[in-house]
Every structure is written in structure tokens, then in C-alpha cells.
Amino acid sequence: MANSYDLIIVGAGALGTFHAYFALKNGLKVLLLEKDDQPREATVRNFGQIIPSGMAEDEWFDYARVSLDTYKTIQADYDISIRSSGSLYLASSAMEMQVLEEKHGRYQALGYPSQLLTAAECRQRLPAVRAEYCAGGLLFAQEVTAEPDQMIHRVLAYLVERWQLDYRPATPVREVTAHASGCEVLDTHGQRYQAAQVLVCSGRDFKFLFPDVFAQSDLQLCKLQMLATYPLPQVHLPGSVLTGLSIRRYHAFHSCPSFAQLRPEDIDPALRQWGIHILFKQALDGSIIIGDTHEYADVAAADSLDFNNVNLLNQLMIREAQRILDLPDWRIQRVWNGYYSQSKSREIFQHSPDPRIHIVTGIGGKGMTTACGFAHHNVALLDLCRLQHSA
Ligand SMILES: Cc1cc2nc3c(=O)[nH]c(=O)nc-3n(C[C@H](O)[C@H](O)[C@H](O)COP(=O)(O)OP(=O)(O)OC[C@H]3O[C@@H](n4cnc5c(N)ncnc54)[C@H](O)[C@@H]3O)c2cc1C
């Protein structure tokens, strides 16, 4: 029947798109509805770092590894902008280096490849790193990066071409309801669609679908400021470059025995106040992407995270970045804000207002790394429901 599907997904960010991918692979008939002419939220505004190495050693590390394998599998068949250029964490002190050594030991036990680098080896890989900053590093050569302004658009094109995804951009959804015979989705053009199940992967949008659910949730909105230099073709900065502040921030390192000895008071209070940790990635045009800040607001106060890009915060980021890298030109070509939703108590927000309608959002700052693997896991559960439903 026209306009009738096994699964309708609202929102074509990383969560929605990869749920579509695995549902299609499982043989479901899928419709993916996106409100904008193309996705333009967190999934296209991020760094594109795909780093299982940053995850805590729980199921999210497993999701991240599934994501890594899936990105590589798709890339082998269809160019979705994945580059296998590794991730390097730079320690800025002997104590941070000790944490990296402990983590390396953990990863060896887990069978996840990593390589300790001396300061000289780090500078051989990244000549722009300042000698006075770098005490050594930990390299994950198997990890990849994506070009966020390209990746999701190419995955969508791949799903339409190869997997017969019914994808409709510029189609805001205004209502999702369940009836005795199934679910109905209504878009703002007045078009209605039917499905056995609906997934709502609406990112940071709390106002239009299920506002009461979001108002009662523990979700919060996070605003991040990002910078990009002008293209610097003379600089070679392969892969993701993470720094001492990332070692302190990422869950992966919290379980290391020496982590507790990393004293917060050693960090500039202004960097701590604005949740700044410095990451670098060289985009395809040669520009260096630098980030990021973190400001939070609960759902009820989400509008207080306004649209301003605050120069003071950019200057704080640049000052810290200049302590780490010696670039020939620090002029900034572009600045932008990104926003994501996250749960205060869980790694992802899931709520089913009806057994056939599932809200999945709030994956936080790890969605490029884990949304794909999480979708693989979650679709297996959905498919089971469908089979049980039709049995
Ligand atoms: C600056 C920044 C840097 C980051 N860097 C990284 C990184 O390097 N590595 C990493 O792993 N993660 C990173 N993240 C996190 C990652 O980008 C997010 O976790 C992920 O993109 C969230 O995906 P999503 O699908 O939940 O949300 P979104 O990307 O926000 O997608 C939601 C989609 O739903 C659509 N939508 C909403 N409401 C409706 C409606 N009613 N009808 C139809 N469509 C609707 C929206 O238009 C949007 O396209 C970063 C995030 C930011 C902001």
C-alpha cells in the first residue's frame, strides 16, 4: 500500500539514518522524514571524530567498535568520506602520560590495538606539535574520521541508491499517533503515512513532537563553539588529535588508577568554566578545525542557550590551542555553534509513549562514534517486536 511502511523514522541525523540502514538490511520497508532540505544539525556540525578509544569500557565501547567496522564496510563500497588516519592523544604532563600508559594496558587486555608514542614520535607524526607541550602520546591507528559536512548526505544517497530507502527531506513531522491498526504520522504539508512502528530521532528539537515527554525528562541541551582556520596546506595533521584536556574529560580514562591524581586545579579556571577541551582535525581543504566549548541548559531553559558565538570563548580556545600547536597562521576563517541533547542520568534517552512509538535521542557528544553501533543493537530489538507482532 502506498504510504504504508514497516518503520517510519523522524529525523535524518546520525541516529535516524543509521536506524534506517540496519532496518533496511533486515528487510524492513522504511520511510525517513527530515524537516530540513538536508540534515543540518549536530550530525553535520561536529568534528567527525570516530573514536571508540574515548568511550568507557561498557556497551558503548562495543557500539563504537560496531560503528567503526560499519563505517569501514560502507566506505569500501561507497565513498562516505571516511578516512583511516588514526587518533592520537597527546599527554601534556608525566601524570597524563601515566594515565595513557595505564589505558594502553587495558586496551591490550581487551584486544583493542593501541601504540604508545614517545614525545619525539608524536612530533614525527605531527611536526606542528610544540615540544614543550608534549610528554608523549597514545595512537589508535585503526580509528577513522569523517567529513561531517559530507558524511550523512552520502550515507543517505547510498541508502536511497542501494537499499531503496524512501527518504523525504523538507518534510517536518507535526504529529505521531498510534491506533488499533498501527501508527500514523502527519507532516506539515498535510500528508499522512502509516507504519507498524515509528522511531522519533529528533535530536535537540523538544518543542514540536512529544513536548510533554521532553518537559518531564532529564534531557539537557548542550551548545558548543567551533573554529576553523584558513586552509593550511603546508601543515600535515593526520587523523584526530586529542589533548591533555580530552584525557581528563573522556570517560575512557576515568577508570585508570592514576586518573584521580590529575588535579582539576592544574587547569586554567576559565577553561574549566566553559567546558573547553582542545581537539584538532584537519579538514579536506587543509583548514584546521579547533574546538570546543560546552554550555548546558535544561529543556525548560533551552532557549537561554542563544545563537551568539562568543568571541571571549573563541579567544580562550585559541590561546590553549597555541600552547599545543605551532601553526603558521592562526587567522580564523569560520566559527559556528553546534547543539546536541543529552540525558543527565543515562547515555541515551529512550521513551516509548506507545509500545509502537519509540523516542530515541540525547546521545550527547558521542553520536558520530556510537549512533551507528547503537542503532545496530536497537534495530535488532525492533525487528524482534515486529516478528512477535505479526506472529
Ligand atoms: C560541535 C559538535 C562536535 C561534535 N563532535 C563529535 C565527534 O567528533 N565525534 C562524535 O562521536 N560525536 C560528536 N558530536 C556529537 C554528534 O554530532 C551527535 O551526538 C549526533 O550528531 C546526534 O545525532 P542525532 O541524530 O541524535 O541528532 P541530529 O544530528 O540533531 O539530528 C536530528 C534530526 O532530526 C530532524 N528533526 C527534528 N525534528 C523533526 C521533525 N519534527 N520532523 C522531521 N525531522 C525532524 C532535525 O532536522 C535533524 O536533522 C559532536 C556534536 C557537536 C554539536
# chains A, B, ... in the order shown; residues from 1 in each chain; ligands from 1

$ closest_atom_pairs --of "range 211-302 of chain A" --to "range 306-330 of chain A" --cutoff "10 Å" --atoms "only C-alpha atoms" --output "tab-separated table"
residue	atom	partner	partner_atom	distance
A:Lys223	CA	A:Asp306	CA	8.7
A:Leu224	CA	A:Asn309	CA	9.2
A:Gln225	CA	A:Asn309	CA	6.7
A:Met226	CA	A:Asn314	CA	7.9
A:Leu227	CA	A:Asn314	CA	7.5
A:Ala228	CA	A:Trp330	CA	9.4
A:Thr229	CA	A:Trp330	CA	6.4
A:Tyr230	CA	A:Asp329	CA	7.9
A:Pro231	CA	A:Asp329	CA	9.3
A:Leu232	CA	A:Asp329	CA	7.7
A:Gln234	CA	A:Pro328	CA	8.5
A:Val235	CA	A:Leu327	CA	7.5
A:Thr243	CA	A:Ile324	CA	8.2
A:Gly244	CA	A:Ile324	CA	9.6
A:Leu245	CA	A:Glu320	CA	10.0
A:Asp268	CA	A:Glu320	CA	9.4
A:Ala270	CA	A:Leu316	CA	7.7
A:Leu271	CA	A:Leu316	CA	7.1
A:Trp274	CA	A:Leu313	CA	7.6
A:Ile276	CA	A:Met317	CA	7.0
A:His277	CA	A:Met317	CA	8.0
A:Ile278	CA	A:Ala321	CA	6.5
A:Leu279	CA	A:Ala321	CA	8.4
A:Phe280	CA	A:Ala321	CA	8.6
A:Ile288	CA	A:Leu327	CA	9.4
A:Ile290	CA	A:Ala321	CA	7.8
A:Gly291	CA	A:Met317	CA	7.0
A:Asp292	CA	A:Met317	CA	7.2
A:Thr293	CA	A:Leu313	CA	7.4
A:Ala302	CA	A:Asp306	CA	8.4

$ write_last_selection --atoms "C-alpha atoms" --output "PDB file, in the first residue's frame"
ATOM      1  CA  LYS A 223      25.876  24.318  22.991  1.00  0.00           C
ATOM      2  CA  LEU A 224      29.385  24.029  21.532  1.00  0.00           C
ATOM      3  CA  GLN A 225      31.500  26.651  19.773  1.00  0.00           C
ATOM      4  CA  MET A 226      33.781  25.523  16.956  1.00  0.00           C
ATOM      5  CA  LEU A 227      36.503  27.245  14.906  1.00  0.00           C
ATOM      6  CA  ALA A 228      38.268  26.573  11.630  1.00  0.00           C
ATOM      7  CA  THR A 229      41.445  28.236  10.364  1.00  0.00           C
ATOM      8  CA  TYR A 230      42.034  29.150   6.750  1.00  0.00           C
ATOM      9  CA  PRO A 231      43.398  26.243   4.672  1.00  0.00           C
ATOM     10  CA  LEU A 232      46.983  25.480   5.732  1.00  0.00           C
ATOM     11  CA  GLN A 234      51.820  23.345   4.454  1.00  0.00           C
ATOM     12  CA  VAL A 235      50.619  21.727   7.720  1.00  0.00           C
ATOM     13  CA  THR A 243      44.962  16.625  24.020  1.00  0.00           C
ATOM     14  CA  GLY A 244      45.553  16.600  27.756  1.00  0.00           C
ATOM     15  CA  LEU A 245      42.174  18.213  28.407  1.00  0.00           C
ATOM     16  CA  ASP A 268      43.007  27.268  33.864  1.00  0.00           C
ATOM     17  CA  ALA A 270      38.329  29.796  32.561  1.00  0.00           C
ATOM     18  CA  LEU A 271      38.811  26.630  30.507  1.00  0.00           C
ATOM     19  CA  TRP A 274      33.339  26.864  29.810  1.00  0.00           C
ATOM     20  CA  ILE A 276      36.776  23.753  26.997  1.00  0.00           C
ATOM     21  CA  HIS A 277      38.876  20.845  25.826  1.00  0.00           C
ATOM     22  CA  ILE A 278      41.002  21.189  22.755  1.00  0.00           C
ATOM     23  CA  LEU A 279      40.673  18.879  19.761  1.00  0.00           C
ATOM     24  CA  PHE A 280      42.105  19.352  16.278  1.00  0.00           C
ATOM     25  CA  ILE A 288      42.359  23.040  10.944  1.00  0.00           C
ATOM     26  CA  ILE A 290      39.528  23.511  16.553  1.00  0.00           C
ATOM     27  CA  GLY A 291      37.071  23.009  19.376  1.00  0.00           C
ATOM     28  CA  ASP A 292      35.253  23.098  21.643  1.00  0.00           C
ATOM     29  CA  THR A 293      33.279  24.710  24.471  1.00  0.00           C
ATOM     30  CA  ALA A 302      16.876  25.585  26.347  1.00  0.00           C
TER      31      ALA A 302
END

$ residues_around --residues "Asp77 in chain A" --least-positions-apart "3" --cutoff "12 Å" --atoms "only C-alpha atoms" --output "PDB file with N, CA and C atoms, in the first residue's frame"
ATOM      1  N   THR A  70      31.368  -0.703  10.731  1.00  0.00           N
ATOM      2  CA  THR A  70      30.312  -0.420   9.743  1.00  0.00           C
ATOM      3  C   THR A  70      30.726   0.723   8.823  1.00  0.00           C
ATOM      4  N   TYR A  71      31.315   1.771   9.407  1.00  0.00           N
ATOM      5  CA  TYR A  71      31.789   2.884   8.566  1.00  0.00           C
ATOM      6  C   TYR A  71      32.776   2.362   7.524  1.00  0.00           C
ATOM      7  N   LYS A  72      33.682   1.493   7.968  1.00  0.00           N
ATOM      8  CA  LYS A  72      34.702   0.990   7.036  1.00  0.00           C
ATOM      9  C   LYS A  72      34.061   0.100   5.963  1.00  0.00           C
ATOM     10  N   THR A  73      33.076  -0.683   6.382  1.00  0.00           N
ATOM     11  CA  THR A  73      32.402  -1.569   5.418  1.00  0.00           C
ATOM     12  C   THR A  73      31.676  -0.751   4.349  1.00  0.00           C
ATOM     13  N   ILE A  74      30.947   0.267   4.794  1.00  0.00           N
ATOM     14  CA  ILE A  74      30.213   1.088   3.808  1.00  0.00           C
ATOM     15  C   ILE A  74      31.217   1.814   2.916  1.00  0.00           C
ATOM     16  N   ILE A  80      31.772   7.515   1.610  1.00  0.00           N
ATOM     17  CA  ILE A  80      31.018   8.345   2.569  1.00  0.00           C
ATOM     18  C   ILE A  80      31.970   9.256   3.353  1.00  0.00           C
ATOM     19  N   SER A  81      33.155   9.491   2.829  1.00  0.00           N
ATOM     20  CA  SER A  81      34.138  10.455   3.358  1.00  0.00           C
ATOM     21  C   SER A  81      34.943   9.935   4.544  1.00  0.00           C
ATOM     22  N   ILE A  82      34.957   8.628   4.740  1.00  0.00           N
ATOM     23  CA  ILE A  82      35.718   8.072   5.868  1.00  0.00           C
ATOM     24  C   ILE A  82      37.195   8.022   5.500  1.00  0.00           C
ATOM     25  N   ARG A 154      26.013  11.618   2.123  1.00  0.00           N
ATOM     26  CA  ARG A 154      26.444  10.487   1.280  1.00  0.00           C
ATOM     27  C   ARG A 154      25.830   9.179   1.771  1.00  0.00           C
ATOM     28  N   VAL A 155      25.724   9.023   3.092  1.00  0.00           N
ATOM     29  CA  VAL A 155      25.082   7.788   3.591  1.00  0.00           C
ATOM     30  C   VAL A 155      23.627   7.758   3.125  1.00  0.00           C
ATOM     31  N   TYR A 158      23.548   6.783  -0.447  1.00  0.00           N
ATOM     32  CA  TYR A 158      23.839   5.336  -0.526  1.00  0.00           C
ATOM     33  C   TYR A 158      22.579   4.521  -0.192  1.00  0.00           C
ATOM     34  N   LEU A 159      21.865   4.925   0.854  1.00  0.00           N
ATOM     35  CA  LEU A 159      20.677   4.164   1.258  1.00  0.00           C
ATOM     36  C   LEU A 159      19.565   4.269   0.216  1.00  0.00           C
ATOM     37  N   ARG A 162      21.164   2.223  -3.022  1.00  0.00           N
ATOM     38  CA  ARG A 162      21.458   0.786  -2.887  1.00  0.00           C
ATOM     39  C   ARG A 162      20.433   0.011  -2.076  1.00  0.00           C
TER      40      ARG A 162
END

$ residues_around --residues "range 24-28 of chain A" --least-positions-apart "4" --cutoff "10 Å" --atoms "only C-alpha atoms" --output "PyMOL selection string"
chain A and resi 5-7+18-20+159+163-165+379-380+383+386

$ write_last_selection --atoms "N, CA and C atoms" --output "mmCIF file, in the first residue's frame"
data_model
loop_
_atom_site.group_PDB
_atom_site.id
_atom_site.type_symbol
_atom_site.label_atom_id
_atom_site.label_comp_id
_atom_site.auth_asym_id
_atom_site.auth_seq_id
_atom_site.Cartn_x
_atom_site.Cartn_y
_atom_site.Cartn_z
ATOM 1 N N TYR A 5 4.317 1.585 5.677
ATOM 2 C CA TYR A 5 5.699 1.127 5.900
ATOM 3 C C TYR A 5 5.767 0.207 7.122
ATOM 4 N N ASP A 6 6.855 -0.544 7.196
ATOM 5 C CA ASP A 6 7.130 -1.272 8.445
ATOM 6 C C ASP A 6 7.582 -0.288 9.517
ATOM 7 N N LEU A 7 8.426 0.654 9.082
ATOM 8 C CA LEU A 7 9.034 1.567 10.049
ATOM 9 C C LEU A 7 9.125 2.966 9.449
ATOM 10 N N PHE A 18 21.159 5.852 10.695
ATOM 11 C CA PHE A 18 21.714 4.501 10.891
ATOM 12 C C PHE A 18 20.650 3.510 11.367
ATOM 13 N N HIS A 19 19.616 3.981 12.047
ATOM 14 C CA HIS A 19 18.485 3.076 12.299
ATOM 15 C C HIS A 19 17.868 2.658 10.959
ATOM 16 N N ALA A 20 17.764 3.601 10.036
ATOM 17 C CA ALA A 20 17.212 3.266 8.706
ATOM 18 C C ALA A 20 18.090 2.217 8.029
ATOM 19 N N LEU A 159 21.865 4.925 0.854
ATOM 20 C CA LEU A 159 20.677 4.164 1.258
ATOM 21 C C LEU A 159 19.565 4.269 0.216
ATOM 22 N N TRP A 163 19.699 0.707 -1.186
ATOM 23 C CA TRP A 163 18.823 -0.025 -0.274
ATOM 24 C C TRP A 163 17.358 0.418 -0.389
ATOM 25 N N GLN A 164 17.067 1.193 -1.428
ATOM 26 C CA GLN A 164 15.683 1.630 -1.701
ATOM 27 C C GLN A 164 15.036 2.326 -0.500
ATOM 28 N N LEU A 165 15.820 3.117 0.196
ATOM 29 C CA LEU A 165 15.224 3.921 1.268
ATOM 30 C C LEU A 165 14.276 4.950 0.666
ATOM 31 N N VAL A 379 17.852 -1.832 16.483
ATOM 32 C CA VAL A 379 17.003 -2.359 15.397
ATOM 33 C C VAL A 379 16.778 -3.853 15.589
ATOM 34 N N ALA A 380 17.761 -4.549 16.134
ATOM 35 C CA ALA A 380 17.568 -5.980 16.392
ATOM 36 C C ALA A 380 16.378 -6.169 17.347
ATOM 37 N N ASP A 383 13.072 -5.293 15.371
ATOM 38 C CA ASP A 383 12.697 -6.322 14.410
ATOM 39 C C ASP A 383 12.044 -7.486 15.143
ATOM 40 N N ARG A 386 8.551 -6.680 15.795
ATOM 41 C CA ARG A 386 7.718 -6.778 14.597
ATOM 42 C C ARG A 386 7.338 -8.238 14.352
#

$ atom_distance --atom1 "CA of Ala178 in chain A" --atom2 "CA of Asn3 in chain A"
15.6 Å

$ residues_around --residues "His376 in chain A" --least-positions-apart "4" --cutoff "9 Å" --atoms "only C-alpha atoms" --output "PyMOL selection string"
chain A and resi 18-19+21-23+63+66-67+371-372+380

$ residues_near_ligand --ligand "ligand 1" --cutoff "6 Å" --atoms "only C-alpha atoms and all ligand atoms" --output "VMD selection string"
chain A and resid 10 to 16 33 to 36 39 to 43 45 to 50 171 to 174 201 to 205 208 to 209 224 338 to 340 361 363 to 369

$ write_last_selection --atoms "C-alpha atoms" --output "CSV table (one decimal), in the first residue's frame"
chain,number,residue,atom,x,y,z
A,10,VAL,CA,11.6,11.0,12.0
A,11,GLY,CA,14.9,12.9,11.7
A,12,ALA,CA,17.8,12.1,9.4
A,13,GLY,CA,20.7,12.8,11.8
A,14,ALA,CA,23.2,10.0,12.7
A,15,LEU,CA,20.6,8.2,14.9
A,16,GLY,CA,17.8,8.3,12.4
A,33,LEU,CA,11.4,12.0,7.1
A,34,GLU,CA,13.7,15.1,7.7
A,35,LYS,CA,12.3,18.5,8.4
A,36,ASP,CA,15.1,20.5,6.6
A,39,PRO,CA,20.2,17.5,7.7
A,40,ARG,CA,22.0,20.5,9.2
A,41,GLU,CA,22.1,19.8,13.0
A,42,ALA,CA,24.7,18.2,15.2
A,43,THR,CA,25.4,15.5,12.7
A,45,ARG,CA,28.4,20.5,12.6
A,46,ASN,CA,30.7,18.2,14.5
A,47,PHE,CA,34.3,17.2,14.3
A,48,GLY,CA,33.8,13.9,12.6
A,49,GLN,CA,36.0,12.0,15.1
A,50,ILE,CA,35.1,8.3,15.3
A,171,THR,CA,9.2,17.2,5.4
A,172,PRO,CA,8.6,18.3,9.0
A,173,VAL,CA,6.6,15.9,11.1
A,174,ARG,CA,3.9,17.5,13.2
A,201,CYS,CA,15.1,10.7,16.4
A,202,SER,CA,14.5,14.4,16.5
A,203,GLY,CA,17.9,15.5,18.1
A,204,ARG,CA,17.6,18.7,20.0
A,205,ASP,CA,14.1,19.5,19.0
A,208,PHE,CA,7.1,20.0,18.3
A,209,LEU,CA,6.8,16.3,18.9
A,224,LEU,CA,29.4,24.0,21.5
A,338,GLY,CA,26.6,23.1,17.3
A,339,TYR,CA,23.9,21.8,19.7
A,340,TYR,CA,23.2,18.3,20.9
A,361,THR,CA,17.6,11.0,21.3
A,363,ILE,CA,23.1,10.5,22.7
A,364,GLY,CA,25.2,13.5,23.7
A,365,GLY,CA,28.7,14.2,22.3
A,366,LYS,CA,29.4,10.7,21.1
A,367,GLY,CA,26.9,10.2,18.4
A,368,MET,CA,29.3,10.2,15.4
A,369,THR,CA,31.2,7.4,17.2

$ closest_residue --among "A:His358, A:Gln142, A:Leu126, A:Pro269" --to "Arg83 in chain A" --atoms "only C-alpha atoms"
A:Gln142

$ select_by_dssp --residues "range 246-346 of chain A" --states "strand (DSSP E or B)" --output "MDAnalysis selection string"
chainID A and resid 279:282 288:291 295:298 325 332:343

$ write_last_selection --atoms "C-alpha atoms" --output "PDB file, in the first residue's frame"
ATOM      1  CA  LEU A 279      40.673  18.879  19.761  1.00  0.00           C
ATOM      2  CA  PHE A 280      42.105  19.352  16.278  1.00  0.00           C
ATOM      3  CA  LYS A 281      41.238  17.863  12.929  1.00  0.00           C
ATOM      4  CA  GLN A 282      42.439  18.904   9.510  1.00  0.00           C
ATOM      5  CA  ILE A 288      42.359  23.040  10.944  1.00  0.00           C
ATOM      6  CA  ILE A 289      39.138  22.565  12.892  1.00  0.00           C
ATOM      7  CA  ILE A 290      39.528  23.511  16.553  1.00  0.00           C
ATOM      8  CA  GLY A 291      37.071  23.009  19.376  1.00  0.00           C
ATOM      9  CA  GLU A 295      27.409  25.212  27.834  1.00  0.00           C
ATOM     10  CA  TYR A 296      24.344  23.418  29.205  1.00  0.00           C
ATOM     11  CA  ALA A 297      20.669  24.196  29.829  1.00  0.00           C
ATOM     12  CA  ASP A 298      17.727  22.035  30.892  1.00  0.00           C
ATOM     13  CA  LEU A 325      50.417  23.558  18.123  1.00  0.00           C
ATOM     14  CA  ILE A 332      40.098  32.027  11.787  1.00  0.00           C
ATOM     15  CA  GLN A 333      38.049  31.573   8.625  1.00  0.00           C
ATOM     16  CA  ARG A 334      34.851  30.196  10.166  1.00  0.00           C
ATOM     17  CA  VAL A 335      33.153  29.979  13.548  1.00  0.00           C
ATOM     18  CA  TRP A 336      29.928  28.116  14.277  1.00  0.00           C
ATOM     19  CA  ASN A 337      27.784  26.722  17.063  1.00  0.00           C
ATOM     20  CA  GLY A 338      26.591  23.139  17.334  1.00  0.00           C
ATOM     21  CA  TYR A 339      23.940  21.808  19.687  1.00  0.00           C
ATOM     22  CA  TYR A 340      23.166  18.340  20.940  1.00  0.00           C
ATOM     23  CA  SER A 341      20.792  16.887  23.503  1.00  0.00           C
ATOM     24  CA  GLN A 342      21.910  14.598  26.289  1.00  0.00           C
ATOM     25  CA  SER A 343      20.413  12.841  29.283  1.00  0.00           C
TER      26      SER A 343
END

$ residues_around --residues "Val299 in chain A" --least-positions-apart "3" --cutoff "12 Å" --atoms "only C-alpha atoms" --output "list in words"
Arg204, Asp205, Phe206, Lys207, Pro211, Asp212, Val213, Phe214, Ala215, Gln216, Ser217, Asp218, Leu219, Gln220, Leu221, Cys222, Tyr296, Ala302, Asp303, Ser304, Leu305, Tyr340, Ser341, Gln342, Ser343, Lys344 and Gly362 of chain A

$ write_last_selection --atoms "C-alpha atoms" --output "PDB file, in the first residue's frame"
ATOM      1  CA  ARG A 204      17.608  18.676  20.047  1.00  0.00           C
ATOM      2  CA  ASP A 205      14.087  19.515  18.984  1.00  0.00           C
ATOM      3  CA  PHE A 206      11.974  19.430  22.153  1.00  0.00           C
ATOM      4  CA  LYS A 207       9.087  21.665  21.072  1.00  0.00           C
ATOM      5  CA  PRO A 211       6.862  18.258  24.175  1.00  0.00           C
ATOM      6  CA  ASP A 212       5.323  16.938  27.423  1.00  0.00           C
ATOM      7  CA  VAL A 213       7.630  13.920  27.402  1.00  0.00           C
ATOM      8  CA  PHE A 214      10.661  16.163  26.942  1.00  0.00           C
ATOM      9  CA  ALA A 215       9.455  18.674  29.551  1.00  0.00           C
ATOM     10  CA  GLN A 216       9.385  15.886  32.151  1.00  0.00           C
ATOM     11  CA  SER A 217      12.687  14.326  31.047  1.00  0.00           C
ATOM     12  CA  ASP A 218      16.172  14.905  32.407  1.00  0.00           C
ATOM     13  CA  LEU A 219      17.384  15.935  28.973  1.00  0.00           C
ATOM     14  CA  GLN A 220      19.547  18.972  28.600  1.00  0.00           C
ATOM     15  CA  LEU A 221      20.786  20.933  25.640  1.00  0.00           C
ATOM     16  CA  CYS A 222      24.488  21.462  25.105  1.00  0.00           C
ATOM     17  CA  TYR A 296      24.344  23.418  29.205  1.00  0.00           C
ATOM     18  CA  ALA A 302      16.876  25.585  26.347  1.00  0.00           C
ATOM     19  CA  ASP A 303      16.224  28.966  24.704  1.00  0.00           C
ATOM     20  CA  SER A 304      18.704  30.570  27.096  1.00  0.00           C
ATOM     21  CA  LEU A 305      21.494  28.953  25.071  1.00  0.00           C
ATOM     22  CA  TYR A 340      23.166  18.340  20.940  1.00  0.00           C
ATOM     23  CA  SER A 341      20.792  16.887  23.503  1.00  0.00           C
ATOM     24  CA  GLN A 342      21.910  14.598  26.289  1.00  0.00           C
ATOM     25  CA  SER A 343      20.413  12.841  29.283  1.00  0.00           C
ATOM     26  CA  LYS A 344      21.778  13.793  32.689  1.00  0.00           C
ATOM     27  CA  GLY A 362      20.028  12.507  23.822  1.00  0.00           C
TER      28      GLY A 362
END

$ residues_around --residues "range 99-113 of chain A" --least-positions-apart "3" --cutoff "7 Å" --atoms "only C-alpha atoms" --output "PDB file with N, CA and C atoms, in the first residue's frame"
ATOM      1  N   MET A  95      52.016  12.912  34.404  1.00  0.00           N
ATOM      2  CA  MET A  95      50.869  12.220  35.001  1.00  0.00           C
ATOM      3  C   MET A  95      49.835  11.848  33.931  1.00  0.00           C
ATOM      4  N   GLU A  96      49.585  12.751  32.980  1.00  0.00           N
ATOM      5  CA  GLU A  96      48.672  12.388  31.884  1.00  0.00           C
ATOM      6  C   GLU A  96      49.246  11.222  31.084  1.00  0.00           C
ATOM      7  N   LEU A 138      49.319   8.437  22.823  1.00  0.00           N
ATOM      8  CA  LEU A 138      48.754   7.103  22.609  1.00  0.00           C
ATOM      9  C   LEU A 138      48.012   7.141  21.273  1.00  0.00           C
ATOM     10  N   PHE A 140      45.864   5.358  18.110  1.00  0.00           N
ATOM     11  CA  PHE A 140      44.932   4.319  17.683  1.00  0.00           C
ATOM     12  C   PHE A 140      44.888   4.388  16.154  1.00  0.00           C
ATOM     13  N   PHE A 253      39.102   7.294  30.238  1.00  0.00           N
ATOM     14  CA  PHE A 253      40.289   7.374  31.095  1.00  0.00           C
ATOM     15  C   PHE A 253      39.950   7.419  32.592  1.00  0.00           C
ATOM     16  N   CYS A 256      41.222   4.646  34.915  1.00  0.00           N
ATOM     17  CA  CYS A 256      42.666   4.410  35.099  1.00  0.00           C
ATOM     18  C   CYS A 256      43.059   4.784  36.533  1.00  0.00           C
ATOM     19  N   SER A 258      45.571   6.143  37.867  1.00  0.00           N
ATOM     20  CA  SER A 258      46.198   7.460  38.088  1.00  0.00           C
ATOM     21  C   SER A 258      45.282   8.630  37.730  1.00  0.00           C
ATOM     22  N   PHE A 259      44.094   8.319  37.209  1.00  0.00           N
ATOM     23  CA  PHE A 259      43.222   9.425  36.783  1.00  0.00           C
ATOM     24  C   PHE A 259      42.934  10.372  37.956  1.00  0.00           C
TER      25      PHE A 259
END

$ select_by_dssp --residues "range 98-286 of chain A" --states "alpha helix (DSSP H)" --output "PyMOL selection string"
chain A and resi 98-110+119-125+148-163+211-215+244-249+269-273

$ write_last_selection --atoms "C-alpha atoms" --output "compact mmCIF listing (two decimals), in the first residue's frame"
# COMPACT_ATOMS: atom_id res chain seq x y z
CA GLN A 98 50.90 7.67 33.05
CA VAL A 99 47.13 7.60 32.51
CA LEU A 100 47.71 6.88 28.81
CA GLU A 101 50.12 4.05 29.70
CA GLU A 102 47.52 2.51 32.02
CA LYS A 103 44.86 2.79 29.34
CA HIS A 104 47.18 1.19 26.81
CA GLY A 105 47.50 -1.77 29.22
CA ARG A 106 43.71 -2.02 29.48
CA TYR A 107 43.30 -1.96 25.71
CA GLN A 108 45.95 -4.64 25.29
CA ALA A 109 43.92 -6.85 27.63
CA LEU A 110 40.76 -6.06 25.64
CA ALA A 119 57.28 12.77 22.56
CA ALA A 120 59.69 12.56 19.63
CA GLU A 121 57.46 10.04 17.84
CA CYS A 122 54.43 12.28 18.38
CA ARG A 123 56.31 15.18 16.81
CA GLN A 124 57.44 12.99 13.94
CA ARG A 125 53.77 12.21 13.21
CA PRO A 148 30.73 15.88 8.89
CA ASP A 149 29.54 18.29 6.20
CA GLN A 150 29.50 15.38 3.72
CA MET A 151 29.12 12.09 5.55
CA ILE A 152 25.42 11.94 6.36
CA HIS A 153 24.40 13.24 2.93
CA ARG A 154 26.44 10.49 1.28
CA VAL A 155 25.08 7.79 3.59
CA LEU A 156 21.57 8.95 2.70
CA ALA A 157 22.39 8.84 -1.02
CA TYR A 158 23.84 5.34 -0.53
CA LEU A 159 20.68 4.16 1.26
CA VAL A 160 18.43 5.59 -1.43
CA GLU A 161 20.53 4.16 -4.31
CA ARG A 162 21.46 0.79 -2.89
CA TRP A 163 18.82 -0.02 -0.27
CA PRO A 211 6.86 18.26 24.17
CA ASP A 212 5.32 16.94 27.42
CA VAL A 213 7.63 13.92 27.40
CA PHE A 214 10.66 16.16 26.94
CA ALA A 215 9.46 18.67 29.55
CA GLY A 244 45.55 16.60 27.76
CA LEU A 245 42.17 18.21 28.41
CA SER A 246 40.50 15.39 26.44
CA ILE A 247 42.27 12.80 28.60
CA ARG A 248 40.73 14.50 31.60
CA ARG A 249 37.27 14.75 30.00
CA PRO A 269 39.68 28.03 35.66
CA ALA A 270 38.33 29.80 32.56
CA LEU A 271 38.81 26.63 30.51
CA ARG A 272 37.05 24.63 33.22
CA GLN A 273 34.21 27.15 33.49

$ residues_around --residues "Ser92 in chain A" --least-positions-apart "4" --cutoff "6 Å" --atoms "only C-alpha atoms" --output "PyMOL selection string"
chain A and resi 133-135+244

$ atom_distance --atom1 "CA of Arg192 in chain A" --atom2 "CA of Asp354 in chain A"
18.6 Å

$ atom_distance --atom1 "CA of Thr188 in chain A" --atom2 "CA of Ala301 in chain A"
26.0 Å

$ closest_residue --among "A:Glu57, A:Gly239, A:Ala76, A:Leu68" --to "Leu88 in chain A" --atoms "only C-alpha atoms"
A:Gly239

$ decode --residues "range 177-191 of chain A" --atoms "C-alpha atoms" --output "PDB file, in the first residue's frame"
ATOM      1  CA  THR A 177      -0.128   8.798  16.875  1.00  0.00           C
ATOM      2  CA  ALA A 178      -0.970   5.127  17.441  1.00  0.00           C
ATOM      3  CA  HIS A 179      -4.260   3.418  16.610  1.00  0.00           C
ATOM      4  CA  ALA A 180      -5.550  -0.148  16.867  1.00  0.00           C
ATOM      5  CA  SER A 181      -4.205  -0.958  13.389  1.00  0.00           C
ATOM      6  CA  GLY A 182      -0.799   0.757  13.679  1.00  0.00           C
ATOM      7  CA  CYS A 183       0.812   4.177  13.774  1.00  0.00           C
ATOM      8  CA  GLU A 184       0.071   7.318  11.791  1.00  0.00           C
ATOM      9  CA  VAL A 185       2.489  10.145  11.015  1.00  0.00           C
ATOM     10  CA  LEU A 186       1.279  13.546   9.820  1.00  0.00           C
ATOM     11  CA  ASP A 187       3.627  16.036   8.175  1.00  0.00           C
ATOM     12  CA  THR A 188       3.202  19.802   7.975  1.00  0.00           C
ATOM     13  CA  HIS A 189       2.106  19.541   4.316  1.00  0.00           C
ATOM     14  CA  GLY A 190      -0.928  17.530   5.469  1.00  0.00           C
ATOM     15  CA  GLN A 191       0.394  14.211   4.142  1.00  0.00           C
TER      16      GLN A 191
END
